[in-house]
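Enquirer: Just work31.cif, nothing more (mmCIF, C-alpha atoms):
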```cif
data_final
#
loop_
_atom_site.label_atom_id
_atom_site.label_comp_id
_atom_site.auth_asym_id
_atom_site.auth_seq_id
_atom_site.Cartn_x
_atom_site.Cartn_y
_atom_site.Cartn_z
CA MET L 1 41.93 -32.44 68.55
CA ILE L 2 39.99 -29.29 69.40
CA PRO L 3 37.81 -29.64 72.53
CA VAL L 4 34.30 -30.67 71.45
CA SER L 5 31.18 -31.33 73.49
CA VAL L 6 28.74 -33.78 71.92
CA CYS L 7 25.21 -32.76 72.87
CA ILE L 8 22.30 -35.20 72.67
CA ILE L 9 18.67 -34.87 73.74
CA GLY L 10 16.30 -37.81 74.06
CA LYS L 11 13.43 -39.59 75.72
CA ASN L 12 12.87 -43.36 76.02
CA GLU L 13 15.70 -44.15 73.61
CA GLU L 14 17.07 -47.33 75.18
CA GLN L 15 16.90 -49.08 71.80
CA HIS L 16 19.29 -46.50 70.31
CA ILE L 17 21.35 -44.86 73.05
CA GLU L 18 23.89 -47.69 73.38
CA ASN L 19 24.74 -47.62 69.66
CA CYS L 20 24.82 -43.83 69.72
CA LEU L 21 27.21 -43.45 72.65
CA ALA L 22 29.51 -46.45 72.26
CA PRO L 23 31.39 -45.17 69.14
CA LEU L 24 32.01 -41.80 70.80
CA ALA L 25 34.22 -43.40 73.45
CA ALA L 26 37.09 -43.69 70.95
CA PHE L 27 37.42 -39.90 70.85
CA PRO L 28 38.16 -37.24 73.51
CA PHE L 29 34.63 -35.84 73.52
CA GLU L 30 32.69 -34.51 76.42
CA VAL L 31 29.22 -36.05 76.09
CA VAL L 32 26.21 -34.10 77.39
CA TYR L 33 22.93 -36.03 77.44
CA VAL L 34 19.72 -34.11 78.20
CA ASP L 35 16.74 -36.28 79.05
CA THR L 36 13.22 -34.93 78.52
CA GLY L 37 11.30 -37.48 80.59
CA SER L 38 12.41 -41.07 79.99
CA THR L 39 10.66 -43.89 81.81
CA ASP L 40 12.93 -46.65 80.46
CA ARG L 41 16.68 -47.34 80.93
CA THR L 42 17.93 -44.55 78.67
CA LYS L 43 19.52 -42.47 81.45
CA GLU L 44 21.04 -45.53 83.10
CA ILE L 45 22.68 -46.61 79.84
CA ALA L 46 23.91 -43.07 79.16
CA ALA L 47 25.51 -42.97 82.61
CA GLU L 48 27.26 -46.30 81.96
CA HIS L 49 28.91 -44.67 78.93
CA GLY L 50 30.19 -41.68 80.90
CA ALA L 51 27.73 -39.08 79.67
CA LYS L 52 26.98 -36.04 81.80
CA ILE L 53 23.24 -36.28 82.36
CA TYR L 54 20.78 -33.45 82.83
CA ASP L 55 17.01 -33.37 83.04
CA PHE L 56 14.90 -30.92 81.10
CA ALA L 57 11.14 -30.61 81.62
CA TRP L 58 9.60 -31.04 78.17
CA ILE L 59 7.77 -27.92 76.92
CA ASP L 60 7.02 -28.98 73.31
CA ASP L 61 10.09 -27.13 72.08
CA PHE L 62 13.07 -28.97 70.59
CA SER L 63 15.15 -25.80 70.29
CA ALA L 64 14.73 -25.07 73.98
CA ALA L 65 16.01 -28.56 74.83
CA ARG L 66 18.95 -28.30 72.43
CA ASN L 67 19.90 -24.85 73.69
CA PHE L 68 19.74 -26.14 77.28
CA ALA L 69 22.16 -28.91 76.30
CA SER L 70 24.46 -26.34 74.69
CA GLU L 71 24.49 -24.30 77.89
CA LYS L 72 25.58 -27.36 79.86
CA ALA L 73 28.56 -28.01 77.56
CA SER L 74 32.01 -27.19 78.95
CA ASN L 75 33.56 -26.54 75.54
CA ALA L 76 32.93 -23.68 73.13
CA THR L 77 32.53 -26.03 70.15
CA VAL L 78 29.46 -28.27 70.25
CA LEU L 79 28.42 -31.17 68.05
CA PHE L 80 24.76 -32.19 68.10
CA LEU L 81 23.69 -35.77 67.46
CA ASP L 82 20.33 -37.51 67.74
CA CYS L 83 19.97 -40.75 69.67
CA ASP L 84 19.21 -42.68 66.48
CA GLU L 85 22.40 -41.46 64.78
CA TYR L 86 25.47 -43.68 65.18
CA LEU L 87 28.97 -42.35 64.52
CA SER L 88 30.61 -44.48 61.82
CA GLY L 89 33.53 -42.37 60.63
CA LEU L 90 35.62 -39.45 61.85
CA ASP L 91 38.93 -37.98 60.69
CA GLU L 92 40.17 -36.12 63.79
CA ASP L 93 42.89 -34.16 62.00
CA GLY L 94 40.52 -33.27 59.18
CA LEU L 95 37.92 -32.07 61.67
CA CYS L 96 40.44 -29.80 63.39
CA GLN L 97 41.58 -28.34 60.08
CA ALA L 98 38.00 -27.73 58.94
CA VAL L 99 37.04 -25.91 62.14
CA LYS L 100 40.20 -23.79 62.17
CA ALA L 101 39.64 -22.84 58.53
CA CYS L 102 36.09 -21.67 59.23
CA PRO L 103 35.78 -20.69 62.92
CA ALA L 104 32.68 -18.55 62.36
CA GLY L 105 30.79 -21.10 60.27
CA VAL L 106 28.65 -24.17 60.84
CA GLY L 107 29.96 -27.65 60.07
CA MET L 108 27.82 -30.15 58.18
CA LEU L 109 28.27 -33.84 58.90
CA LEU L 110 27.42 -36.61 56.43
CA ARG L 111 24.30 -38.56 57.43
CA ASN L 112 23.26 -41.85 55.83
CA ASN L 113 19.49 -42.18 56.23
CA TYR L 114 18.33 -45.79 56.14
CA PHE L 115 14.86 -46.70 54.91
CA GLU L 116 13.06 -48.97 52.46
CA ALA L 117 12.73 -47.87 48.82
CA ASN L 118 11.04 -49.85 46.08
CA GLY L 119 10.96 -52.91 48.30
CA ALA L 120 14.68 -52.84 49.08
CA PRO L 121 16.67 -51.54 52.08
CA THR L 122 18.65 -48.49 51.06
CA ASN L 123 20.06 -45.23 52.29
CA TYR L 124 19.90 -41.61 51.26
CA PRO L 125 22.97 -39.52 52.21
CA ASP L 126 22.59 -35.86 53.09
CA ARG L 127 24.51 -33.11 54.86
CA VAL L 128 23.14 -31.60 58.07
CA GLU L 129 24.37 -28.65 60.15
CA ARG L 130 25.54 -29.90 63.54
CA LEU L 131 28.94 -28.44 64.57
CA PHE L 132 29.33 -24.84 65.69
CA SER L 133 30.46 -22.42 68.37
CA ARG L 134 27.80 -22.19 71.06
CA LYS L 135 28.89 -18.60 71.65
CA ARG L 136 28.01 -17.63 68.08
CA PHE L 137 25.00 -19.84 67.32
CA HIS L 138 21.93 -21.36 68.86
CA TYR L 139 18.74 -23.12 67.74
CA THR L 140 15.37 -21.62 66.90
CA GLY L 141 12.00 -23.19 66.07
CA ILE L 142 10.00 -25.51 68.31
CA ILE L 143 10.46 -28.44 65.90
CA HIS L 144 12.78 -29.18 62.97
CA GLU L 145 14.88 -26.52 64.60
CA GLN L 146 17.41 -24.51 62.66
CA VAL L 147 20.82 -23.12 63.55
CA VAL L 148 20.90 -19.31 63.60
CA THR L 149 23.35 -16.65 64.70
CA ARG L 150 22.87 -15.14 68.13
CA ASP L 151 23.14 -11.59 66.77
CA GLY L 152 19.80 -11.20 65.05
CA ASP L 153 18.80 -14.80 64.25
CA SER L 154 20.15 -14.47 60.72
CA PRO L 155 20.38 -17.71 58.70
CA ARG L 156 23.23 -16.19 56.66
CA TYR L 157 26.50 -17.85 57.59
CA GLU L 158 29.17 -19.97 56.00
CA ARG L 159 28.58 -23.72 55.90
CA TYR L 160 31.37 -26.23 55.46
CA GLU L 161 31.64 -30.00 55.32
CA ILE L 162 33.29 -31.91 58.13
CA PRO L 163 34.82 -35.42 57.84
CA LEU L 164 32.30 -37.02 60.19
CA THR L 165 29.70 -39.61 59.19
CA VAL L 166 26.71 -40.98 61.08
CA GLU L 167 24.24 -43.74 60.27
CA HIS L 168 20.65 -42.56 60.81
CA MET L 169 18.14 -45.27 61.77
CA GLY L 170 15.18 -43.03 62.53
CA TYR L 171 13.13 -44.03 59.47
CA ASN L 172 13.13 -47.74 60.33
CA GLY L 173 10.50 -47.61 63.07
CA GLY L 174 7.63 -49.19 61.12
CA PRO L 175 4.32 -47.67 59.91
CA GLN L 176 2.79 -47.12 63.35
CA ALA L 177 5.86 -45.35 64.70
CA MET L 178 6.07 -43.17 61.59
CA GLN L 179 2.36 -42.30 61.88
CA GLU L 180 2.77 -41.30 65.53
CA LYS L 181 5.85 -39.26 64.70
CA ALA L 182 4.07 -37.46 61.85
CA GLU L 183 1.10 -36.63 64.08
CA ARG L 184 3.34 -35.30 66.84
CA ASN L 185 5.42 -33.24 64.43
CA ASN L 186 2.46 -31.74 62.62
CA ARG L 187 0.74 -30.85 65.88
CA LEU L 188 3.74 -28.67 66.70
CA LEU L 189 4.22 -27.42 63.15
CA PHE L 190 0.62 -26.27 62.75
CA ARG L 191 0.88 -24.48 66.09
CA GLU L 192 4.01 -22.69 64.87
CA LEU L 193 2.31 -21.92 61.56
CA GLU L 194 -0.29 -19.84 63.38
CA LYS L 195 2.53 -17.50 64.42
CA ARG L 196 4.39 -17.54 61.08
CA PRO L 197 1.85 -18.19 58.32
CA ARG L 198 4.25 -17.17 55.54
CA ASP L 199 7.23 -19.26 56.60
CA ALA L 200 8.14 -21.51 53.66
CA TYR L 201 10.23 -23.78 55.89
CA LEU L 202 7.22 -24.72 58.02
CA TYR L 203 5.16 -25.73 55.00
CA PHE L 204 8.11 -27.80 53.78
CA GLN L 205 8.33 -29.66 57.09
CA ILE L 206 4.57 -30.33 57.15
CA GLY L 207 4.96 -31.77 53.67
CA GLN L 208 7.82 -33.92 54.97
CA SER L 209 5.59 -35.31 57.72
CA TYR L 210 2.96 -36.36 55.20
CA ASN L 211 5.61 -37.68 52.85
CA GLY L 212 6.98 -39.89 55.62
CA ILE L 213 3.63 -41.70 55.95
CA ARG L 214 3.13 -41.79 52.16
CA ASP L 215 0.25 -39.33 52.17
CA TYR L 216 1.47 -37.87 48.89
CA GLU L 217 -1.61 -35.75 48.19
CA ASN L 218 -1.15 -33.69 51.35
CA ALA L 219 2.62 -33.67 50.85
CA TYR L 220 2.07 -32.21 47.38
CA LEU L 221 -0.22 -29.47 48.73
CA TYR L 222 2.21 -28.29 51.41
CA TYR L 223 5.30 -28.46 49.22
CA LYS L 224 3.43 -26.43 46.61
CA LYS L 225 2.51 -23.83 49.22
CA SER L 226 6.13 -23.64 50.37
CA PHE L 227 7.32 -23.05 46.80
CA SER L 228 4.83 -20.19 46.47
CA LEU L 229 6.49 -18.26 49.32
CA PRO L 230 9.84 -16.44 49.46
CA PHE L 231 12.84 -18.62 50.28
CA CYS L 232 16.56 -18.81 49.60
CA PRO L 233 17.36 -21.46 46.93
CA GLU L 234 20.80 -22.00 48.50
CA GLU L 235 19.30 -23.33 51.74
CA PRO L 236 19.96 -27.11 52.00
CA TRP L 237 16.32 -27.88 52.84
CA VAL L 238 15.15 -26.34 49.56
CA GLN L 239 17.13 -28.93 47.59
CA ILE L 240 15.49 -31.69 49.63
CA MET L 241 12.06 -30.16 49.05
CA ALA L 242 12.58 -29.98 45.29
CA THR L 243 13.11 -33.73 45.05
CA ALA L 244 10.31 -34.48 47.52
CA PHE L 245 7.90 -32.24 45.60
CA LEU L 246 8.81 -34.00 42.36
CA ASN L 247 8.19 -37.38 43.97
CA ALA L 248 4.84 -36.26 45.36
CA MET L 249 3.76 -35.09 41.90
CA ASN L 250 4.89 -38.37 40.37
CA HIS L 251 2.94 -40.35 42.96
CA THR L 252 -0.25 -38.32 42.43
CA GLY L 253 -0.43 -38.36 38.64
CA ARG L 254 1.03 -34.87 38.21
CA SER L 255 4.24 -35.69 36.30
CA GLY L 256 3.26 -33.33 33.48
CA GLU L 257 2.90 -30.54 36.02
CA ALA L 258 6.30 -31.50 37.46
CA VAL L 259 8.06 -31.12 34.11
CA ARG L 260 6.39 -27.76 33.49
CA PHE L 261 7.02 -26.49 37.02
CA PHE L 262 10.70 -27.35 37.25
CA GLY L 263 11.61 -26.50 33.66
CA PRO L 264 12.23 -22.78 34.31
CA ILE L 265 14.01 -23.37 37.65
CA TYR L 266 15.78 -26.64 36.81
CA ASP L 267 19.30 -25.24 37.21
CA HIS L 268 18.64 -24.30 40.85
CA PHE L 269 18.33 -27.96 41.77
CA ALA L 270 20.75 -29.66 39.40
CA ASP L 271 23.82 -31.64 40.47
CA ASP L 272 21.84 -33.85 42.87
CA ALA L 273 21.37 -37.52 42.00
CA ASN L 274 17.99 -37.77 43.67
CA PHE L 275 16.61 -34.75 41.83
CA TYR L 276 17.79 -36.13 38.48
CA CYS L 277 16.24 -39.52 39.22
CA SER L 278 12.92 -37.93 40.10
CA MET L 279 12.98 -35.84 36.91
CA GLY L 280 13.69 -38.99 34.95
CA ASN L 281 10.70 -40.68 36.58
CA ALA L 282 8.53 -37.71 35.63
CA TYR L 283 9.49 -38.08 31.95
CA LEU L 284 8.70 -41.81 32.06
CA ASN L 285 5.30 -41.10 33.61
CA LEU L 286 4.21 -38.73 30.82
CA ASN L 287 1.57 -39.83 28.35
CA PRO L 288 3.20 -40.61 25.99
CA PRO L 289 6.45 -41.14 27.93
CA LYS L 290 9.71 -39.52 26.89
CA PRO L 291 12.27 -42.29 27.47
CA LEU L 292 15.24 -40.46 25.95
CA ASN L 293 14.66 -37.45 28.20
CA ALA L 294 14.42 -39.82 31.14
CA MET L 295 17.63 -41.58 30.11
CA ALA L 296 19.48 -38.26 30.09
CA GLU L 297 18.36 -37.54 33.66
CA TYR L 298 19.41 -40.97 34.95
CA LEU L 299 22.83 -40.61 33.32
CA LYS L 300 23.27 -37.23 35.01
CA ALA L 301 22.38 -38.88 38.32
CA LEU L 302 25.19 -41.41 37.95
CA GLN L 303 27.70 -38.59 37.43
CA CYS L 304 26.81 -36.84 40.70
CA PRO L 305 29.05 -37.11 43.77
CA ASN L 306 26.20 -38.41 45.93
CA ALA L 307 25.61 -41.29 43.51
CA ARG L 308 28.73 -42.97 44.83
CA GLU L 309 26.98 -44.30 47.93
CA LYS L 310 25.33 -47.71 47.80
CA GLY L 311 21.79 -46.36 47.92
CA ALA L 312 18.72 -45.53 45.91
CA ASN L 313 20.62 -42.77 44.13
CA THR L 314 22.88 -45.48 42.66
CA PHE L 315 20.78 -48.54 41.96
CA ILE L 316 17.66 -46.62 40.91
CA PRO L 317 19.35 -44.88 37.94
CA TYR L 318 20.99 -48.17 36.90
CA TYR L 319 17.66 -49.95 37.10
CA ASN L 320 15.76 -47.23 35.25
CA ILE L 321 18.39 -46.98 32.51
CA GLY L 322 17.82 -50.69 32.08
CA LEU L 323 14.07 -50.06 31.95
CA VAL L 324 14.46 -47.37 29.28
CA ASN L 325 16.68 -49.62 27.18
CA GLU L 326 14.10 -52.38 27.46
CA MET L 327 11.38 -49.95 26.33
CA LEU L 328 13.55 -49.10 23.31
CA GLY L 329 14.07 -52.77 22.46
CA LYS L 330 17.75 -52.79 23.46
CA THR L 331 17.71 -56.00 25.47
CA GLU L 332 21.45 -56.49 25.90
CA ALA L 333 21.95 -52.97 27.18
CA ALA L 334 18.96 -53.41 29.49
CA LEU L 335 20.47 -56.57 30.96
CA THR L 336 23.78 -54.80 31.56
CA PHE L 337 22.20 -52.05 33.64
CA TYR L 338 19.77 -54.38 35.42
CA GLN L 339 22.80 -56.44 36.45
CA ARG L 340 24.56 -53.38 37.87
CA ALA L 341 21.48 -52.61 39.96
CA ALA L 342 21.18 -56.25 41.03
CA ASP L 343 24.84 -56.27 42.10
CA LEU L 344 23.94 -53.46 44.53
CA GLY L 345 21.24 -55.64 46.09
CA PHE L 346 18.17 -54.26 44.27
CA ALA L 347 15.84 -57.28 44.10
CA PRO L 348 13.51 -55.94 41.34
CA ALA L 349 16.52 -55.77 39.01
CA ALA L 350 17.30 -59.45 39.60
CA GLU L 351 13.66 -60.25 38.85
CA LYS L 352 13.85 -58.28 35.61
CA ILE L 353 16.93 -60.23 34.52
CA LYS L 354 15.17 -63.52 35.21
CA GLU L 355 12.07 -62.33 33.34
CA ILE L 356 14.07 -61.38 30.24
CA GLU L 357 16.22 -64.51 30.24
CA THR L 358 13.20 -66.83 30.52
CA ALA L 359 11.09 -65.00 27.92
#
```
Written as C-alpha cells, that's how I'd like the structure from this file.
Expert:
Amino acid sequence: MIPVSVCIIGKNEEQHIENCLAPLAAFPFEVVYVDTGSTDRTKEIAAEHGAKIYDFAWIDDFSAARNFASEKASNATVLFLDCDEYLSGLDEDGLCQAVKACPAGVGMLLRNNYFEANGAPTNYPDRVERLFSRKRFHYTGIIHEQVVTRDGDSPRYERYEIPLTVEHMGYNGGPQAMQEKAERNNRLLFRELEKRPRDAYLYFQIGQSYNGIRDYENAYLYYKKSFSLPFCPEEPWVQIMATAFLNAMNHTGRSGEAVRFFGPIYDHFADDANFYCSMGNAYLNLNPPKPLNAMAEYLKALQCPNAREKGANTFIPYYNIGLVNEMLGKTEAALTFYQRAADLGFAPAAEKIKEIETA
C-alpha cells in the first residue's frame, strides 16, 4: 500500500474519536490528530490509539487547522477524515491503483450521511474530496473549506473515486446541537461573505446551514442568490445545491417556481436519484398535480447508481410511486411499491399498506 497519513482535526470529540480511530488500526496508516482545544478525553483516547497528537490554537479557520495537520504528516499522500466519520470499507489494492492512475488528482471517498427523513432513519451517500498530495494541494476557506492547488488556488483538477467508505454521524446530534452548529457556521460564513460578496459557494453553504435546522425560507433565499452568481456546474457542491434548492422550494410552497426554474437547466443535474425525487415531489405539489410527470421522475431515480444504497433515495421513490398509483386508482400496483418501501424499513409505507388493506 502507498504510504498515507490520515489527518484529523477535532475538539471535544470523545463521543466519536474512538469509533473514528479504531477501524484505522487495521491498515498501515500514520494517524495525525490535531486538537483545537479539547477539555474532555479526546486527546487521551487518540493517544491510546497511537495517533500523533498536535495542538493548534483555534483561530476560527478550519483550513488553517487542516493545513497545519497536513504539514505534520510524514507522508506525501494525505487522507482527511472528520471525527464523526467512521471507516467502514477500504480496498487497499484498489486505492493504490487509483492513486497511481491519477497522481495529480484528488480522490473522493464515499460518505454515507445518516439522518432522519420522513420519520425514518436513513442515509444519503455522497462523494467528498479527501485524498491528495500535500505537496500539490492545500485547503482554503475559513469554513466548509475546499481543496485547491498550491500554484494559484485553482479549483480545476482531476477528481477520481477511491474505494474507501465512511459512515458519517454528524447529522444525528439532535435539534439543539444542529442549531448551535448552524449559528457557529453562519457566523464564520457571513464574516467571509464580507470579503467575497459574489462567491456562490458561500451563499450555498449559508443555505445549507439554514436547511440543516429546517429554516427553509432562509435556505431558499440563499440558494437562489447562489444560483444567480457565476459557478461551474461540474462542481460537486452544485449538484447538492440543486436538490437542496428544489427541496426548499417544495417546503415553502414554490413547487411551480421549481418546475419553471429547473426546466431549462434540467440536464445539468440529471442522473442523481435525489434530484429526480425532488423533481417528482415538485410535480405532485402542483395545483393541479401532475402525477404522471412525477412518476417518470421517481422511475428515473430508481435507475440511478446512487439509488442502490438503502436510503431515502431508494425507499422514497418506491413509496412515492406507490402514492402516484394510489392517486390513479391502481391499488394493486400501489401496494406493490409500498411493500418495497416497507421492506427497506420505511414505516409510513407499512402504515399505507395497513390503511389500504383495512379500507
Enquirer: I need every residue sitting at most 7 Å from the point (34.2, -28.5, 59.3) (coordinates as in the file, only C-alpha atoms considered), written as an MDAnalysis selection string.
Expert: chainID L and resid 95 98:99 107:108 160:162
Enquirer: Take the residues from that selection and write them out as a PDB file, in the coordinates of the input, keeping C-alpha atoms.
Expert:
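And here is the file that came out, part-v6.pdb:
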```
ATOM      1  CA  LEU L  95      37.920 -32.070  61.670  1.00  0.00           C
ATOM      2  CA  ALA L  98      38.000 -27.730  58.940  1.00  0.00           C
ATOM      3  CA  VAL L  99      37.040 -25.910  62.140  1.00  0.00           C
ATOM      4  CA  GLY L 107      29.960 -27.650  60.070  1.00  0.00           C
ATOM      5  CA  MET L 108      27.820 -30.150  58.180  1.00  0.00           C
ATOM      6  CA  TYR L 160      31.370 -26.230  55.460  1.00  0.00           C
ATOM      7  CA  GLU L 161      31.640 -30.000  55.320  1.00  0.00           C
ATOM      8  CA  ILE L 162      33.290 -31.910  58.130  1.00  0.00           C
TER       9      ILE L 162
END
```
Enquirer: Which value, in Å to one decimal, gives the distance between atom CA of Ala294 of chain L and atom CA of Met327 of chain L?
Expert: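 Distance reported for this atom pair: 11.6 Å.
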Enquirer: Run the PyMOL selection byres ((chain L and resi 335-340) around 10) against the file shown and list the residues it catches, as a PDB file with C-alpha atoms, in the frame of the given file.
Expert:
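This went into result-v3.pdb:
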```
ATOM      1  CA  THR L 314      22.880 -45.480  42.660  1.00  0.00           C
ATOM      2  CA  PHE L 315      20.780 -48.540  41.960  1.00  0.00           C
ATOM      3  CA  ILE L 316      17.660 -46.620  40.910  1.00  0.00           C
ATOM      4  CA  PRO L 317      19.350 -44.880  37.940  1.00  0.00           C
ATOM      5  CA  TYR L 318      20.990 -48.170  36.900  1.00  0.00           C
ATOM      6  CA  TYR L 319      17.660 -49.950  37.100  1.00  0.00           C
ATOM      7  CA  ASN L 320      15.760 -47.230  35.250  1.00  0.00           C
ATOM      8  CA  ILE L 321      18.390 -46.980  32.510  1.00  0.00           C
ATOM      9  CA  GLY L 322      17.820 -50.690  32.080  1.00  0.00           C
ATOM     10  CA  LEU L 323      14.070 -50.060  31.950  1.00  0.00           C
ATOM     11  CA  ASN L 325      16.680 -49.620  27.180  1.00  0.00           C
ATOM     12  CA  GLU L 326      14.100 -52.380  27.460  1.00  0.00           C
ATOM     13  CA  LYS L 330      17.750 -52.790  23.460  1.00  0.00           C
ATOM     14  CA  THR L 331      17.710 -56.000  25.470  1.00  0.00           C
ATOM     15  CA  GLU L 332      21.450 -56.490  25.900  1.00  0.00           C
ATOM     16  CA  ALA L 333      21.950 -52.970  27.180  1.00  0.00           C
ATOM     17  CA  ALA L 334      18.960 -53.410  29.490  1.00  0.00           C
ATOM     18  CA  ALA L 341      21.480 -52.610  39.960  1.00  0.00           C
ATOM     19  CA  ALA L 342      21.180 -56.250  41.030  1.00  0.00           C
ATOM     20  CA  ASP L 343      24.840 -56.270  42.100  1.00  0.00           C
ATOM     21  CA  LEU L 344      23.940 -53.460  44.530  1.00  0.00           C
ATOM     22  CA  GLY L 345      21.240 -55.640  46.090  1.00  0.00           C
ATOM     23  CA  PHE L 346      18.170 -54.260  44.270  1.00  0.00           C
ATOM     24  CA  ALA L 347      15.840 -57.280  44.100  1.00  0.00           C
ATOM     25  CA  PRO L 348      13.510 -55.940  41.340  1.00  0.00           C
ATOM     26  CA  ALA L 349      16.520 -55.770  39.010  1.00  0.00           C
ATOM     27  CA  ALA L 350      17.300 -59.450  39.600  1.00  0.00           C
ATOM     28  CA  GLU L 351      13.660 -60.250  38.850  1.00  0.00           C
ATOM     29  CA  LYS L 352      13.850 -58.280  35.610  1.00  0.00           C
ATOM     30  CA  ILE L 353      16.930 -60.230  34.520  1.00  0.00           C
ATOM     31  CA  LYS L 354      15.170 -63.520  35.210  1.00  0.00           C
ATOM     32  CA  ILE L 356      14.070 -61.380  30.240  1.00  0.00           C
ATOM     33  CA  GLU L 357      16.220 -64.510  30.240  1.00  0.00           C
TER      34      GLU L 357
END
```
Enquirer: Evaluate the PyMOL selection byres ((chain L and resi 30) around 6) and record the selected residues as a PyMOL selection string, following the chain and residue labels used in the document.
Expert: chain L and resi 5+29+31
Enquirer: May I have the residues within 6 Å of segment 56-67 of chain L as a list of chain:residue names, using only C-alpha atoms and disregarding those fewer than 3 positions away in the same chain?
Expert: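 Neighbouring residues, sequence-local ones excluded: L:Thr36, L:Ser70, L:Tyr139, L:Thr140, L:Gly141, L:Ile142, L:Ile143, L:Glu145.
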Enquirer: Excluding Ser228 of chain L and residues on its chain fewer than 4 positions from it, collect all residues at most 10 Å away from it, counting only C-alpha atoms, and give them as a PyMOL selection string.
Expert: chain L and resi 198+200+222-224
Enquirer: Any chance you could resolve the PyMOL selection byres ((chain L and resi 76-87) around 8) against this file and give the residues as a ChimeraX atom specification?
Expert: /L:3-10,13,16-17,19-21,23-24,70,73-75,88-90,130-135,164-170
Enquirer: Would you save the residues from that selection as a short mmCIF file (atom, residue, chain, number, x, y, z; two decimals), in the coordinates of the input, using C-alpha atoms?
Expert:
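The file below, result.cif, is the result:
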```cif
data_model
loop_
_atom_site.label_atom_id
_atom_site.label_comp_id
_atom_site.auth_asym_id
_atom_site.auth_seq_id
_atom_site.Cartn_x
_atom_site.Cartn_y
_atom_site.Cartn_z
CA PRO L 3 37.81 -29.64 72.53
CA VAL L 4 34.30 -30.67 71.45
CA SER L 5 31.18 -31.33 73.49
CA VAL L 6 28.74 -33.78 71.92
CA CYS L 7 25.21 -32.76 72.87
CA ILE L 8 22.30 -35.20 72.67
CA ILE L 9 18.67 -34.87 73.74
CA GLY L 10 16.30 -37.81 74.06
CA GLU L 13 15.70 -44.15 73.61
CA HIS L 16 19.29 -46.50 70.31
CA ILE L 17 21.35 -44.86 73.05
CA ASN L 19 24.74 -47.62 69.66
CA CYS L 20 24.82 -43.83 69.72
CA LEU L 21 27.21 -43.45 72.65
CA PRO L 23 31.39 -45.17 69.14
CA LEU L 24 32.01 -41.80 70.80
CA SER L 70 24.46 -26.34 74.69
CA ALA L 73 28.56 -28.01 77.56
CA SER L 74 32.01 -27.19 78.95
CA ASN L 75 33.56 -26.54 75.54
CA SER L 88 30.61 -44.48 61.82
CA GLY L 89 33.53 -42.37 60.63
CA LEU L 90 35.62 -39.45 61.85
CA ARG L 130 25.54 -29.90 63.54
CA LEU L 131 28.94 -28.44 64.57
CA PHE L 132 29.33 -24.84 65.69
CA SER L 133 30.46 -22.42 68.37
CA ARG L 134 27.80 -22.19 71.06
CA LYS L 135 28.89 -18.60 71.65
CA LEU L 164 32.30 -37.02 60.19
CA THR L 165 29.70 -39.61 59.19
CA VAL L 166 26.71 -40.98 61.08
CA GLU L 167 24.24 -43.74 60.27
CA HIS L 168 20.65 -42.56 60.81
CA MET L 169 18.14 -45.27 61.77
CA GLY L 170 15.18 -43.03 62.53
#
```
Enquirer: Hey, what's within 10 Å of Ser209 of chain L if we count all atoms listed in the file and toss same-chain stuff fewer than 3 positions away? As a PyMOL selection string, please?
Expert: chain L and resi 178-179+181-186+189+203-206+212-215+218-219
Enquirer: Selection from above, C-alpha atoms, as a compact mmCIF listing (two decimals), in the frame of the given file, can you write it?
Expert:
```
# COMPACT_ATOMS: atom_id res chain seq x y z
CA MET L 178 6.07 -43.17 61.59
CA GLN L 179 2.36 -42.30 61.88
CA LYS L 181 5.85 -39.26 64.70
CA ALA L 182 4.07 -37.46 61.85
CA GLU L 183 1.10 -36.63 64.08
CA ARG L 184 3.34 -35.30 66.84
CA ASN L 185 5.42 -33.24 64.43
CA ASN L 186 2.46 -31.74 62.62
CA LEU L 189 4.22 -27.42 63.15
CA TYR L 203 5.16 -25.73 55.00
CA PHE L 204 8.11 -27.80 53.78
CA GLN L 205 8.33 -29.66 57.09
CA ILE L 206 4.57 -30.33 57.15
CA GLY L 212 6.98 -39.89 55.62
CA ILE L 213 3.63 -41.70 55.95
CA ARG L 214 3.13 -41.79 52.16
CA ASP L 215 0.25 -39.33 52.17
CA ASN L 218 -1.15 -33.69 51.35
CA ALA L 219 2.62 -33.67 50.85
```
Enquirer: Pro289 of chain L: which residues within 12 Å, counting only C-alpha atoms, same-chain residues fewer than 2 positions away excluded, as a PyMOL selection string?
Expert: chain L and resi 255-256+259+280-287+291-295+324+327-328
Enquirer: Between atom CA of Met241 of chain L and atom CA of Lys225 of chain L, what distance in Å does the model show, to one decimal?
Expert: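 These atoms are spaced 11.5 Å apart.
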Enquirer: Closest to His138 of chain L among L:Asp271, L:Cys102, L:Phe68, L:Glu92, using all atoms listed in the file?
Expert: L:Phe68
Enquirer: I'd like the interatomic distance between atom CA of Gly94 of chain L and atom CA of Pro163 of chain L, to a tenth of an Å.
Expert: 6.2 Å
